[in-house]
file structure.tsv (TSV, C-alpha atoms)
chain	number	residue	atom	x	y	z
A	36	MET	CA	0.00	0.00	0.00
A	37	ALA	CA	2.80	2.43	0.93
A	38	ALA	CA	4.64	1.61	-2.31
A	39	THR	CA	1.51	2.37	-4.33
A	40	VAL	CA	1.04	5.71	-2.60
A	41	PHE	CA	4.72	6.53	-3.13
A	42	GLU	CA	4.50	5.84	-6.88
A	43	GLU	CA	1.33	7.94	-7.19
A	44	MET	CA	3.01	10.88	-5.44
A	45	LYS	CA	6.15	10.55	-7.60
A	46	GLN	CA	4.02	10.85	-10.71
A	47	TYR	CA	2.07	13.77	-9.27
A	48	ILE	CA	5.18	15.92	-8.67
A	49	ALA	CA	7.24	14.51	-11.59
A	50	PHE	CA	9.98	12.86	-9.57
A	51	GLY	CA	11.87	10.49	-11.83
A	52	ASP	CA	15.29	9.28	-12.96
A	53	GLU	CA	16.65	12.76	-13.50
A	54	GLU	CA	15.88	13.79	-9.91
A	55	ALA	CA	17.35	10.52	-8.62
A	56	ALA	CA	20.57	11.23	-10.53
A	57	HIS	CA	20.85	14.72	-9.03
A	58	LEU	CA	20.53	13.28	-5.52
A	59	ARG	CA	23.18	10.61	-6.17
A	60	VAL	CA	25.60	13.35	-7.15
A	61	LEU	CA	24.89	15.21	-3.91
A	62	ALA	CA	25.52	12.17	-1.68
A	63	PRO	CA	29.31	12.56	-1.16
A	64	LEU	CA	29.10	16.36	-1.23
A	65	VAL	CA	26.67	16.71	1.70
A	66	GLU	CA	27.91	13.81	3.86
A	67	SER	CA	30.16	15.94	6.06
A	68	GLY	CA	27.37	18.43	6.76
A	69	LEU	CA	24.71	15.91	7.85
A	70	PRO	CA	25.76	15.80	11.56
A	71	ALA	CA	25.10	19.56	11.69
A	72	VAL	CA	21.57	18.92	10.37
A	73	VAL	CA	21.04	16.42	13.20
A	74	ASP	CA	22.32	18.95	15.75
A	75	ARG	CA	19.96	21.66	14.48
A	76	PHE	CA	17.04	19.23	14.47
A	77	TYR	CA	17.52	18.23	18.11
A	78	ARG	CA	18.09	21.80	19.24
A	79	GLU	CA	14.63	22.55	17.87
A	80	VAL	CA	13.17	19.48	19.60
A	81	GLN	CA	14.67	20.49	22.94
A	82	ALA	CA	13.30	24.02	22.54
A	83	HIS	CA	9.65	22.91	22.35
A	84	ALA	CA	8.07	21.19	25.38
A	85	ALA	CA	5.43	19.29	23.38
A	86	ALA	CA	8.05	17.80	21.04
A	87	ARG	CA	10.51	17.25	23.91
A	88	ARG	CA	7.98	15.04	25.73
A	89	VAL	CA	8.59	12.20	23.26
A	90	LEU	CA	12.17	11.91	24.55
A	91	THR	CA	11.31	9.96	27.68
A	92	GLY	CA	14.26	7.57	27.57
A	93	GLY	CA	16.95	10.07	28.56
A	94	ALA	CA	20.39	10.33	26.97
A	95	THR	CA	20.38	6.75	25.69
A	96	GLN	CA	17.17	7.24	23.70
A	97	ALA	CA	18.30	10.64	22.42
A	98	GLU	CA	21.56	9.19	21.11
A	99	ALA	CA	19.74	6.31	19.40
A	100	LEU	CA	17.35	8.78	17.75
A	101	ARG	CA	20.26	10.93	16.58
A	102	ARG	CA	21.85	7.88	14.90
A	103	SER	CA	18.50	6.98	13.31
A	104	LEU	CA	18.06	10.50	11.95
A	105	LEU	CA	21.57	10.50	10.51
A	106	GLU	CA	20.89	7.19	8.72
A	107	TRP	CA	17.61	8.57	7.43
A	108	LEU	CA	19.39	11.65	6.03
A	109	ARG	CA	21.98	9.48	4.29
A	110	GLY	CA	19.15	7.42	2.81
A	111	LEU	CA	17.81	10.54	1.09
A	112	PHE	CA	20.79	10.49	-1.27
A	113	GLY	CA	20.92	6.75	-1.97
A	114	GLY	CA	19.71	7.16	-5.54
A	115	ARG	CA	17.16	4.30	-5.53
A	116	TYR	CA	13.61	5.38	-4.84
A	117	ASP	CA	11.64	2.22	-5.47
A	118	ASP	CA	9.10	0.10	-3.59
A	119	ASP	CA	11.68	-1.15	-1.08
A	120	TYR	CA	12.65	2.44	-0.31
A	121	ALA	CA	8.99	3.33	0.35
A	122	ARG	CA	8.42	0.32	2.60
A	123	GLN	CA	11.47	1.19	4.70
A	124	ARG	CA	10.50	4.85	5.09
A	125	VAL	CA	6.91	4.29	6.26
A	126	GLN	CA	8.24	2.98	9.56
A	127	ILE	CA	8.99	6.58	10.54
A	128	GLY	CA	5.33	7.59	10.61
A	129	ARG	CA	4.49	4.48	12.63
A	130	THR	CA	7.22	5.32	15.11
A	131	HIS	CA	5.81	8.82	15.51
A	132	VAL	CA	2.42	7.34	16.43
A	133	ARG	CA	4.06	4.97	18.92
A	134	VAL	CA	5.97	7.76	20.71
A	135	GLY	CA	3.02	10.15	20.57
A	136	LEU	CA	4.49	12.83	18.29
A	137	GLN	CA	1.70	14.84	16.69
A	138	GLN	CA	1.48	15.33	12.93
A	139	HIS	CA	2.13	19.06	12.85
A	140	PHE	CA	5.57	18.46	14.40
A	141	MET	CA	6.40	16.17	11.48
A	142	ILE	CA	5.62	18.98	9.07
A	143	VAL	CA	7.67	21.66	10.83
A	144	ALA	CA	10.49	19.15	11.45
A	145	MET	CA	10.69	18.49	7.71
A	146	GLU	CA	10.96	22.24	7.16
A	147	VAL	CA	13.91	22.37	9.57
A	148	VAL	CA	15.61	19.54	7.66
A	149	TRP	CA	14.95	21.32	4.35
A	150	GLN	CA	16.41	24.61	5.60
A	151	GLU	CA	19.62	22.93	6.78
A	152	LEU	CA	20.10	20.78	3.66
A	153	LYS	CA	19.39	23.78	1.45
A	154	ARG	CA	22.03	25.77	3.35
A	155	ILE	CA	24.57	23.00	2.76
A	156	VAL	CA	23.78	22.67	-0.98
A	157	GLU	CA	23.82	26.43	-1.52
A	158	GLY	CA	27.32	26.47	-0.09
A	159	LEU	CA	28.55	24.09	-2.79
A	160	SER	CA	29.99	25.17	-6.14
A	161	LEU	CA	27.54	23.50	-8.51
A	162	ALA	CA	26.56	24.56	-12.01
A	163	ASP	CA	23.06	23.03	-11.78
A	164	ARG	CA	22.47	23.76	-8.10
A	165	ALA	CA	18.86	24.91	-8.64
A	166	ALA	CA	17.93	21.60	-10.29
A	167	LYS	CA	19.52	19.63	-7.47
A	168	LEU	CA	17.73	21.70	-4.83
A	169	ALA	CA	14.43	21.16	-6.67
A	170	ALA	CA	15.05	17.39	-6.71
A	171	LEU	CA	15.87	17.43	-2.99
A	172	HIS	CA	12.76	19.45	-2.17
A	173	LYS	CA	10.56	17.05	-4.15
A	174	LEU	CA	12.02	14.08	-2.29
A	175	LEU	CA	11.45	15.71	1.10
A	176	MET	CA	7.81	16.32	0.14
A	177	LEU	CA	7.53	12.66	-0.87
A	178	GLU	CA	9.03	11.65	2.47
A	179	LEU	CA	6.56	13.86	4.29
A	180	GLY	CA	3.69	12.38	2.29
A	181	LEU	CA	4.81	8.85	3.22
A	182	MET	CA	5.14	9.82	6.89
A	183	LEU	CA	1.67	11.35	7.02
A	184	HIS	CA	0.17	8.38	5.18
A	185	SER	CA	1.77	5.81	7.48
A	186	TYR	CA	0.94	7.98	10.51
A	187	GLN	CA	-2.71	8.02	9.50
A	188	GLU	CA	-2.81	4.27	8.87
A	189	SER	CA	-1.01	3.44	12.12
A	190	TYR	CA	-3.14	5.82	14.17
A	191	ALA	CA	-6.35	4.43	12.65
A	192	ALA	CA	-5.19	0.88	13.44
A	193	GLN	CA	-4.42	1.96	17.00
A	194	VAL	CA	-7.88	3.49	17.39
A	195	ARG	CA	-9.54	0.38	15.96
A	196	GLN	CA	-7.62	-1.80	18.41
A	197	VAL	CA	-8.68	0.38	21.35
A	198	GLU	CA	-12.29	0.20	20.16
A	199	ARG	CA	-12.07	-3.60	19.75
A	200	ASP	CA	-10.61	-3.95	23.24
A	201	ALA	CA	-13.33	-1.73	24.71
A	202	MET	CA	-16.04	-3.64	22.84
A	203	GLN	CA	-14.71	-6.98	24.04
A	204	ALA	CA	-14.58	-5.67	27.59
A	205	ARG	CA	-18.19	-4.48	27.31
A	206	LEU	CA	-19.25	-7.85	25.86
A	207	ARG	CA	-17.54	-9.72	28.70
A	208	GLU	CA	-19.18	-7.42	31.22
A	209	ALA	CA	-22.57	-7.83	29.54
A	210	GLU	CA	-22.21	-11.61	29.58
A	211	GLN	CA	-21.29	-11.56	33.26
A	212	LEU	CA	-24.20	-9.27	34.07
A	213	ALA	CA	-26.56	-11.50	32.08
A	214	GLN	CA	-25.39	-14.54	34.04
A	215	ILE	CA	-25.74	-12.66	37.32
A	216	GLY	CA	-29.17	-11.43	36.26
A	217	GLN	CA	-30.39	-14.91	35.37
A	218	LEU	CA	-29.05	-16.32	38.64
A	219	ALA	CA	-30.62	-13.46	40.60
A	220	ALA	CA	-33.94	-13.93	38.81
A	221	SER	CA	-33.95	-17.66	39.61
A	222	LEU	CA	-33.15	-16.99	43.26
A	223	ALA	CA	-35.75	-14.22	43.40
A	224	HIS	CA	-38.39	-16.53	41.98
A	225	GLU	CA	-37.54	-19.19	44.57
A	226	ILE	CA	-37.63	-16.64	47.40
A	227	LYS	CA	-40.81	-14.81	46.39
A	228	ASN	CA	-43.43	-17.41	47.35
A	229	PRO	CA	-41.90	-18.46	50.71
A	230	LEU	CA	-41.49	-14.79	51.56
A	231	ALA	CA	-45.18	-14.16	50.92
A	232	GLY	CA	-46.04	-17.13	53.17
A	233	ILE	CA	-43.80	-15.84	55.98
A	234	SER	CA	-45.32	-12.37	55.71
A	235	GLY	CA	-48.87	-13.77	55.83
A	236	ALA	CA	-48.10	-15.95	58.86
A	237	ILE	CA	-46.58	-13.04	60.80
A	238	GLN	CA	-49.57	-10.81	59.97
A	239	ILE	CA	-51.93	-13.50	61.34
A	240	ILE	CA	-49.85	-13.85	64.51
A	241	ARG	CA	-49.69	-10.08	64.96
A	242	ALA	CA	-53.44	-9.71	64.38
A	243	GLY	CA	-54.04	-11.97	67.38
A	244	MET	CA	-51.96	-9.76	69.67
A	245	LYS	CA	-52.82	-6.65	71.56
A	246	GLU	CA	-50.87	-3.53	70.71
A	247	SER	CA	-49.62	-3.48	74.30
A	248	ASP	CA	-47.90	-6.82	73.78
A	249	PRO	CA	-44.10	-6.32	73.88
A	250	HIS	CA	-43.79	-8.45	70.72
A	251	TRP	CA	-46.15	-6.21	68.73
A	252	PRO	CA	-43.47	-3.65	67.60
A	253	VAL	CA	-40.96	-6.44	67.01
A	254	LEU	CA	-43.28	-8.19	64.57
A	255	GLY	CA	-44.04	-4.83	62.96
A	256	GLU	CA	-40.34	-4.33	62.28
A	257	VAL	CA	-40.11	-7.87	60.91
A	258	LEU	CA	-42.93	-7.09	58.47
A	259	ARG	CA	-41.19	-3.89	57.37
A	260	GLN	CA	-37.99	-5.79	56.66
A	261	ILE	CA	-39.94	-8.47	54.78
A	262	ASN	CA	-41.56	-5.76	52.68
A	263	ARG	CA	-38.15	-4.27	51.92
A	264	LEU	CA	-36.83	-7.68	50.94
A	265	ASP	CA	-39.95	-8.25	48.83
A	266	ARG	CA	-39.29	-4.99	46.94
A	267	SER	CA	-35.71	-6.08	46.23
A	268	VAL	CA	-36.92	-9.45	44.95
A	269	LYS	CA	-39.48	-7.75	42.71
A	270	ASP	CA	-36.78	-5.40	41.37
A	271	LEU	CA	-34.62	-8.37	40.41
A	272	LEU	CA	-37.52	-10.06	38.64
A	273	VAL	CA	-38.57	-6.89	36.83
A	274	TYR	CA	-35.04	-6.20	35.62
A	275	ALA	CA	-34.20	-9.77	34.61
A	276	ARG	CA	-37.58	-10.57	33.04
A	277	PRO	CA	-39.13	-7.30	31.83
A	278	LYS	CA	-42.59	-7.37	30.31
A	279	PRO	CA	-43.41	-5.43	27.13
A	280	PRO	CA	-45.58	-2.35	27.71
A	281	ARG	CA	-49.35	-2.78	27.54
A	282	TYR	CA	-50.40	0.59	26.18
A	283	GLN	CA	-53.42	2.36	27.64
A	284	ARG	CA	-54.68	5.89	27.87
A	285	CYS	CA	-52.92	7.11	31.02
A	286	ASP	CA	-53.74	10.26	32.92
A	287	LEU	CA	-50.30	11.44	34.03
A	288	ARG	CA	-51.72	13.71	36.74
A	289	ARG	CA	-53.69	10.83	38.24
A	290	ALA	CA	-50.62	8.56	38.11
A	291	VAL	CA	-48.46	11.17	39.88
A	292	GLU	CA	-51.05	11.73	42.59
A	293	ARG	CA	-51.44	8.00	43.15
A	294	VAL	CA	-47.66	7.59	43.52
A	295	LEU	CA	-47.44	10.56	45.88
A	296	SER	CA	-50.15	9.06	48.07
A	297	LEU	CA	-48.10	5.86	48.31
A	298	LEU	CA	-44.94	7.81	49.10
A	299	ALA	CA	-46.76	9.54	51.96
A	300	GLN	CA	-46.79	6.14	53.68
A	301	GLU	CA	-43.15	5.40	52.88
A	302	PRO	CA	-40.78	5.97	55.86
A	303	GLU	CA	-37.83	6.70	53.55
A	304	ALA	CA	-39.70	9.64	52.01
A	305	ALA	CA	-41.20	11.12	55.19
A	306	HIS	CA	-38.42	13.70	55.63
A	307	VAL	CA	-39.02	15.60	52.35
A	308	ARG	CA	-41.74	17.63	50.64
A	309	PHE	CA	-43.04	16.75	47.18
A	310	GLU	CA	-44.36	19.20	44.61
A	311	TYR	CA	-45.53	18.64	41.06
A	312	GLN	CA	-46.47	20.95	38.23
A	313	MET	CA	-48.01	20.23	34.84
A	314	PRO	CA	-50.35	22.02	32.43
A	315	ALA	CA	-54.08	21.87	33.20
A	316	ASP	CA	-54.68	20.57	29.69
A	317	MET	CA	-52.01	17.85	29.89
A	318	PRO	CA	-52.97	15.30	27.22
A	319	ALA	CA	-53.46	11.64	27.99
A	320	LEU	CA	-50.31	9.60	27.64
A	321	ALA	CA	-50.11	6.30	25.79
A	322	ALA	CA	-48.22	4.08	28.23
A	323	ASP	CA	-48.33	0.99	30.39
A	324	GLU	CA	-49.99	2.45	33.50
A	325	HIS	CA	-48.36	0.03	35.93
A	326	GLN	CA	-44.89	0.60	34.46
A	327	LEU	CA	-45.42	4.36	34.37
A	328	GLU	CA	-46.28	4.39	38.08
A	329	GLN	CA	-43.27	2.18	38.83
A	330	LEU	CA	-41.07	4.64	36.90
A	331	LEU	CA	-42.43	7.62	38.85
A	332	MET	CA	-42.14	5.78	42.17
A	333	ASN	CA	-38.48	4.87	41.60
A	334	LEU	CA	-37.49	8.36	40.44
A	335	LEU	CA	-39.28	10.17	43.27
A	336	LEU	CA	-38.06	7.75	45.94
A	337	ASN	CA	-34.48	8.05	44.66
A	338	ALA	CA	-34.73	11.83	44.82
A	339	ALA	CA	-36.15	11.66	48.36
A	340	GLN	CA	-33.37	9.36	49.55
A	341	ALA	CA	-30.77	11.79	48.20
A	342	SER	CA	-32.39	14.83	49.83
A	343	PRO	CA	-31.66	16.29	53.28
A	344	ALA	CA	-34.34	16.60	55.97
A	345	GLY	CA	-36.86	19.25	54.94
A	346	GLY	CA	-35.69	19.10	51.34
A	347	LEU	CA	-37.91	19.55	48.30
A	348	VAL	CA	-38.43	17.08	45.48
A	349	ARG	CA	-40.09	18.60	42.44
A	350	LEU	CA	-41.71	16.91	39.46
A	351	THR	CA	-42.61	18.91	36.37
A	352	ALA	CA	-44.24	17.68	33.20
A	353	ALA	CA	-44.78	19.36	29.85
A	354	VAL	CA	-45.27	18.59	26.17
A	355	ARG	CA	-42.29	19.56	24.00
A	356	ASP	CA	-41.70	18.75	20.34
A	357	GLY	CA	-44.27	15.97	20.27
A	358	SER	CA	-42.95	14.28	23.42
A	359	VAL	CA	-44.05	14.29	27.03
A	360	GLN	CA	-41.14	15.46	29.16
A	361	ILE	CA	-41.07	14.55	32.85
A	362	VAL	CA	-38.36	16.07	35.06
A	363	VAL	CA	-37.69	14.96	38.65
A	364	GLU	CA	-35.23	17.15	40.52
A	365	ASP	CA	-33.83	17.34	44.02
A	366	ARG	CA	-31.34	19.58	45.80
A	367	GLY	CA	-29.59	16.78	47.60
A	368	CYS	CA	-26.03	15.53	47.72
A	369	GLY	CA	-25.70	15.16	43.95
A	370	MET	CA	-23.31	12.84	42.12
A	371	SER	CA	-19.81	13.08	40.75
A	372	VAL	CA	-19.27	12.71	37.01
A	373	GLU	CA	-18.10	9.11	37.47
A	374	VAL	CA	-21.04	8.13	39.71
A	375	ALA	CA	-23.54	9.81	37.35
A	376	ARG	CA	-21.98	7.94	34.41
A	377	ARG	CA	-22.40	4.60	36.19
A	378	ALA	CA	-25.77	5.34	37.80
A	379	LEU	CA	-27.64	3.49	35.06
A	380	GLU	CA	-25.49	0.37	35.34
A	381	PRO	CA	-27.30	-2.58	36.95
A	382	PHE	CA	-26.20	-3.46	40.50
A	383	PHE	CA	-24.17	-0.25	40.87
A	384	THR	CA	-25.09	1.72	43.98
A	385	THR	CA	-23.48	4.07	46.48
A	386	LYS	CA	-26.19	3.48	49.07
A	387	ALA	CA	-25.69	1.38	52.17
A	388	ARG	CA	-28.85	-0.53	51.24
A	389	GLY	CA	-30.36	-1.30	47.86
A	390	THR	CA	-29.90	-3.48	44.83
A	391	GLY	CA	-28.68	-0.79	42.45
A	392	LEU	CA	-31.55	-1.59	40.09
A	393	GLY	CA	-33.83	1.42	40.57
A	394	LEU	CA	-32.46	3.62	37.79
A	395	PRO	CA	-31.62	0.71	35.43
A	396	ILE	CA	-35.27	-0.41	35.73
A	397	CYS	CA	-36.37	3.16	34.99
A	398	ARG	CA	-34.23	3.22	31.87
A	399	LYS	CA	-35.62	-0.13	30.71
A	400	ILE	CA	-39.18	1.11	31.16
A	401	VAL	CA	-38.47	4.36	29.31
A	402	GLU	CA	-36.66	2.66	26.42
A	403	ALA	CA	-39.40	0.02	26.13
A	404	HIS	CA	-41.79	2.96	25.60
A	405	GLY	CA	-39.54	4.35	22.84
A	406	GLY	CA	-38.26	7.18	25.00
A	407	ARG	CA	-35.00	8.18	26.61
A	408	LEU	CA	-33.76	8.98	30.11
A	409	SER	CA	-30.92	11.36	30.97
A	410	ILE	CA	-29.24	12.47	34.20
A	411	ARG	CA	-27.68	15.79	35.10
A	412	SER	CA	-26.00	16.07	38.47
A	413	ALA	CA	-23.23	17.82	40.38
A	414	PRO	CA	-21.87	17.17	43.89
A	415	GLY	CA	-23.58	19.38	46.45
A	416	GLU	CA	-26.05	20.78	43.91
A	417	GLY	CA	-28.53	17.95	43.46
A	418	THR	CA	-29.72	15.80	40.60
A	419	GLU	CA	-32.13	16.23	37.71
A	420	VAL	CA	-33.51	13.20	35.86
A	421	THR	CA	-35.31	13.88	32.59
A	422	VAL	CA	-37.62	11.38	30.90
A	423	GLU	CA	-38.89	11.94	27.37
A	424	LEU	CA	-41.75	9.75	26.17
A	425	ARG	CA	-42.89	9.99	22.57
A	426	GLN	CA	-46.60	10.65	22.18
A	427	ARG	CA	-48.33	7.92	20.21
A	428	PRO	CA	-51.38	8.57	18.02
A	429	PRO	CA	-54.47	6.75	19.35
A	430	ALA	CA	-55.51	3.60	17.52
A	431	THR	CA	-58.70	1.61	17.66
A	432	LEU	CA	-59.64	1.24	21.32
A	433	VAL	CA	-60.07	-2.28	22.58
A	434	GLY	CA	-62.45	-3.17	25.38
A	435	SER	CA	-62.95	-1.03	28.47
A	436	ASP	CA	-59.21	-0.54	28.94
A	437	ASP	CA	-58.95	1.98	26.06
A	438	GLU	CA	-55.97	-0.11	25.09
A	439	TYR	CA	-53.32	0.99	22.63
A	440	PRO	CA	-51.46	-1.44	20.40
A	441	ARG	CA	-48.73	-3.34	22.18
A	442	SER	CA	-45.20	-2.10	21.69
A	443	ASP	CA	-43.22	-3.88	19.02
A	444	ARG	CA	-39.94	-3.17	20.80
call {"tool": "encode", "arguments": {"input": "structure.tsv", "output": "C-alpha cells"}}
result
Amino acid sequence: MAATVFEEMKQYIAFGDEEAAHLRVLAPLVESGLPAVVDRFYREVQAHAAARRVLTGGATQAEALRRSLLEWLRGLFGGRYDDDYARQRVQIGRTHVRVGLQQHFMIVAMEVVWQELKRIVEGLSLADRAAKLAALHKLLMLELGLMLHSYQESYAAQVRQVERDAMQARLREAEQLAQIGQLAASLAHEIKNPLAGISGAIQIIRAGMKESDPHWPVLGEVLRQINRLDRSVKDLLVYARPKPPRYQRCDLRRAVERVLSLLAQEPEAAHVRFEYQMPADMPALAADEHQLEQLLMNLLLNAAQASPAGGLVRLTAAVRDGSVQIVVEDRGCGMSVEVARRALEPFFTTKARGTGLGLPICRKIVEAHGGRLSIRSAPGEGTEVTVELRQRPPATLVGSDDEYPRSDR
C-alpha cells in the first residue's frame, strides 16, 4: 500500500530518474554536513516542550534517535527510490504514532531539515544547483507524504484496536451481568413465594396480639424488613424478566397523585416535601400504566433518599416537540461525574442498602416505551432526571381498557 502511494506521489510531482541522478551526485558532497543537520534538528526538539515530551528515555534514547536521523538523512541520497525504499521509510510515521508525536511536528520538522540541507547545498559550487535543490525538495515532500500516510494508517489501526478492546470488555461485562441477572432472577423466583407465606403468617400472629404486647413492635419491624426484601426481589424479577408495555390511555396527573399518596406512607420519604407541576390541559399519555407508576415511584423515591431533611423534590411535566417530558429534581447531595456515568449500570449503587436496580429499571421502562432517560448532576447541587416519552397517536380502542397497540420493541 505504501509503495503504491509513493508511486502515485512521484508521478504527481514529476519525480523520476533525473531527480534521482541529481541526488546521487549530492551524496558525497553533503555527507560531512549531515551531523550539523542532526544537531539543528535536536536543538529545535529540545526548545519545544510538546516535542521534547517524546524523549522519555533520557540520553540513551536521544543518542539512538540521533543515529537513526543520521541514517535517514543518508538514505535521502541513496539514488534508488523504489518500492523497497517506500516500505522502509513508512516505519517513521508508525514510530511517531508509537511515541506520541503529533502530525504538525512532522511537518515543521521536515521544514527544519529542508532549511539545513538547502544551506549546505547552496554552499557548494555547482553549475546546476537549482535543479539539485528542486530534486531534494521534491524528495522531502515525498518523504513527508509517506510519513503522514503511514501515521494516519497506524493511528487508525491503534484506534480500531482500542475500540475492539473496549467492545470486548463491554461484551464480557454484559455476559457476566446477564449470568448474574439470570441467577438473581432464579433466586428471586424461589424466594418470592416463601417470603409471601412468611409475611402472611406473621400478619396473622400479629393480628391476634394486643398492641400493648411487647412483641407487637418487634413483629411490625419484621414485616417492614420483609416488605423491603420483597421490593428487592421484585426489582430483580422486573429487571431480569421485563414485560413489554401494555399501552393504555394514562392520565399522568392521576398517576403522579397515586404515587405521591403511596410515598406519603413510605418511611424513607417522610423527611421531604413533594411538589408537582403540569399544564391543566395535559394530554393523555399512551403508556403501560403500571410501568409508568413504577417509573415515577423509583425516580421520586431516589430523589427523596438523596435529599436532606426538609428538602424539596419537584416533578414537572410538559409537552415539547411531540414528546411528554417529565423532570424529577432534588437539591440533595448530587453525584460526581463518574457516579452519574455509572448510575444506570445494573447493581451499581453508592447506598448502604439497595440493589442498584432502581435507575436501570427506569431506563428499561423508558426505552421500552420508545423514550429516553438522561441524568444531570453535580456534587452538592442535586440531581435532575429527565424522561422523554414519545406521544403515540391513538388507535382503535379495545375493550374497556382503552388499550393501545402493544409495543413492538
call {"tool": "closest_residue", "arguments": {"input": "structure.tsv", "among": "A:Ile48, A:Val65, A:Gly235, A:Tyr282", "to": "Leu254 of chain A", "atoms": "only C-alpha atoms"}}
result
A:Gly235
call {"tool": "residues_near_point", "arguments": {"input": "structure.tsv", "point": "(-50.3, 18.3, 32.2)", "cutoff": "7 Å", "atoms": "only C-alpha atoms", "output": "list of chain:residue names"}}
result
A:Arg288, A:Met313, A:Pro314, A:Ala315, A:Asp316, A:Met317, A:Pro318, A:Ala352, A:Ala353
call {"tool": "atom_distance", "arguments": {"input": "structure.tsv", "atom1": "atom CA of Arg109 of chain A", "atom2": "atom CA of Leu168 of chain A"}}
result
15.8 Å
call {"tool": "residues_around", "arguments": {"input": "structure.tsv", "residues": "segment 412-414 of chain A", "least_positions_apart": "6", "cutoff": "6 Å", "atoms": "all atoms listed in the file", "output": "list in words"}}
result
Cys368, Gly369, Met370 and Ser371 of chain A
call {"tool": "atom_distance", "arguments": {"input": "structure.tsv", "atom1": "atom CA of Val348 of chain A", "atom2": "atom CA of Val363 of chain A"}}
result
7.2 Å
call {"tool": "residues_near_point", "arguments": {"input": "structure.tsv", "point": "(-46.6, 5.8, 28.4)", "cutoff": "8 Å", "atoms": "all atoms listed in the file", "output": "list in words"}}
result
Tyr282, Gln283, Cys285, Leu320, Ala321, Ala322, Asp323, Glu324, Leu327, His404, Leu424 and Gln426 of chain A
call {"tool": "closest_residue", "arguments": {"input": "structure.tsv", "among": "A:Gln150, A:Gln360, A:Thr351, A:Ser103", "to": "Ser409 of chain A", "atoms": "only C-alpha atoms"}}
result
A:Gln360
call {"tool": "closest_residue", "arguments": {"input": "structure.tsv", "among": "A:Ala71, A:Ala82, A:Met182, A:Ile142", "to": "Arg122 of chain A", "atoms": "all atoms listed in the file"}}
result
A:Met182
call {"tool": "residues_around", "arguments": {"input": "structure.tsv", "residues": "Val291 of chain A", "least_positions_apart": "4", "cutoff": "10 Å", "atoms": "all atoms listed in the file", "output": "ChimeraX atom specification"}}
result
/A:286-287,295-297,311,327-328,331-332,335,350
call {"tool": "write_last_selection", "arguments": {"input": "structure.tsv", "atoms": "C-alpha atoms", "output": "mmCIF file, in the frame of the given file"}}
result
data_model
loop_
_atom_site.group_PDB
_atom_site.id
_atom_site.type_symbol
_atom_site.label_atom_id
_atom_site.label_comp_id
_atom_site.auth_asym_id
_atom_site.auth_seq_id
_atom_site.Cartn_x
_atom_site.Cartn_y
_atom_site.Cartn_z
ATOM 1 C CA ASP A 286 -53.740 10.260 32.920
ATOM 2 C CA LEU A 287 -50.300 11.440 34.030
ATOM 3 C CA LEU A 295 -47.440 10.560 45.880
ATOM 4 C CA SER A 296 -50.150 9.060 48.070
ATOM 5 C CA LEU A 297 -48.100 5.860 48.310
ATOM 6 C CA TYR A 311 -45.530 18.640 41.060
ATOM 7 C CA LEU A 327 -45.420 4.360 34.370
ATOM 8 C CA GLU A 328 -46.280 4.390 38.080
ATOM 9 C CA LEU A 331 -42.430 7.620 38.850
ATOM 10 C CA MET A 332 -42.140 5.780 42.170
ATOM 11 C CA LEU A 335 -39.280 10.170 43.270
ATOM 12 C CA LEU A 350 -41.710 16.910 39.460
#
call {"tool": "closest_residue", "arguments": {"input": "structure.tsv", "among": "A:Glu198, A:Glu256, A:Glu98, A:Glu364", "to": "Ser342 of chain A", "atoms": "only C-alpha atoms"}}
result
A:Glu364
call {"tool": "atom_distance", "arguments": {"input": "structure.tsv", "atom1": "atom CA of Ile155 of chain A", "atom2": "atom CA of Glu178 of chain A"}}
result
19.2 Å
call {"tool": "closest_residue", "arguments": {"input": "structure.tsv", "among": "A:Asp117, A:Glu151, A:Asp163, A:Glu303", "to": "Gly68 of chain A", "atoms": "all atoms listed in the file"}}
result
A:Glu151
call {"tool": "closest_residue", "arguments": {"input": "structure.tsv", "among": "A:His83, A:Met145, A:Ala169, A:Ala231", "to": "Glu157 of chain A", "atoms": "all atoms listed in the file"}}
result
A:Ala169
call {"tool": "residues_around", "arguments": {"input": "structure.tsv", "residues": "Tyr77 of chain A", "least_positions_apart": "2", "cutoff": "10 Å", "atoms": "only C-alpha atoms", "output": "VMD selection string"}}
result
chain A and resid 72 to 75 79 to 82 86 to 87 97 100 to 101 104 144
call {"tool": "residues_around", "arguments": {"input": "structure.tsv", "residues": "Leu111 of chain A", "least_positions_apart": "5", "cutoff": "10 Å", "atoms": "all atoms listed in the file", "output": "list in words"}}
result
Ala55, Leu58, Arg59, Leu61, Ala62, Glu106, Tyr116, Tyr120, Leu171, Leu174, Leu175 and Glu178 of chain A
call {"tool": "decode", "arguments": {"input": "structure.tsv", "residues": "segment 48-55 of chain A", "atoms": "N, CA and C atoms", "output": "short mmCIF file (atom, residue, chain, number, x, y, z; two decimals), in the first residue's frame"}}
result
data_model
loop_
_atom_site.label_atom_id
_atom_site.label_comp_id
_atom_site.auth_asym_id
_atom_site.auth_seq_id
_atom_site.Cartn_x
_atom_site.Cartn_y
_atom_site.Cartn_z
N ILE A 48 4.24 14.79 -8.72
CA ILE A 48 5.18 15.92 -8.67
C ILE A 48 6.34 15.74 -9.64
N ALA A 49 6.23 14.74 -10.53
CA ALA A 49 7.24 14.51 -11.59
C ALA A 49 8.62 14.26 -11.00
N PHE A 50 8.70 13.28 -10.13
CA PHE A 50 9.98 12.86 -9.57
C PHE A 50 10.38 11.57 -10.29
N GLY A 51 11.47 11.66 -11.06
CA GLY A 51 11.87 10.49 -11.83
C GLY A 51 13.37 10.25 -11.81
N ASP A 52 13.88 9.65 -12.89
CA ASP A 52 15.29 9.28 -12.96
C ASP A 52 16.21 10.49 -12.89
N GLU A 53 15.80 11.57 -13.50
CA GLU A 53 16.65 12.76 -13.50
C GLU A 53 16.86 13.28 -12.08
N GLU A 54 15.77 13.33 -11.31
CA GLU A 54 15.88 13.79 -9.91
C GLU A 54 16.72 12.82 -9.09
N ALA A 55 16.56 11.52 -9.34
CA ALA A 55 17.35 10.52 -8.62
C ALA A 55 18.84 10.71 -8.91
#
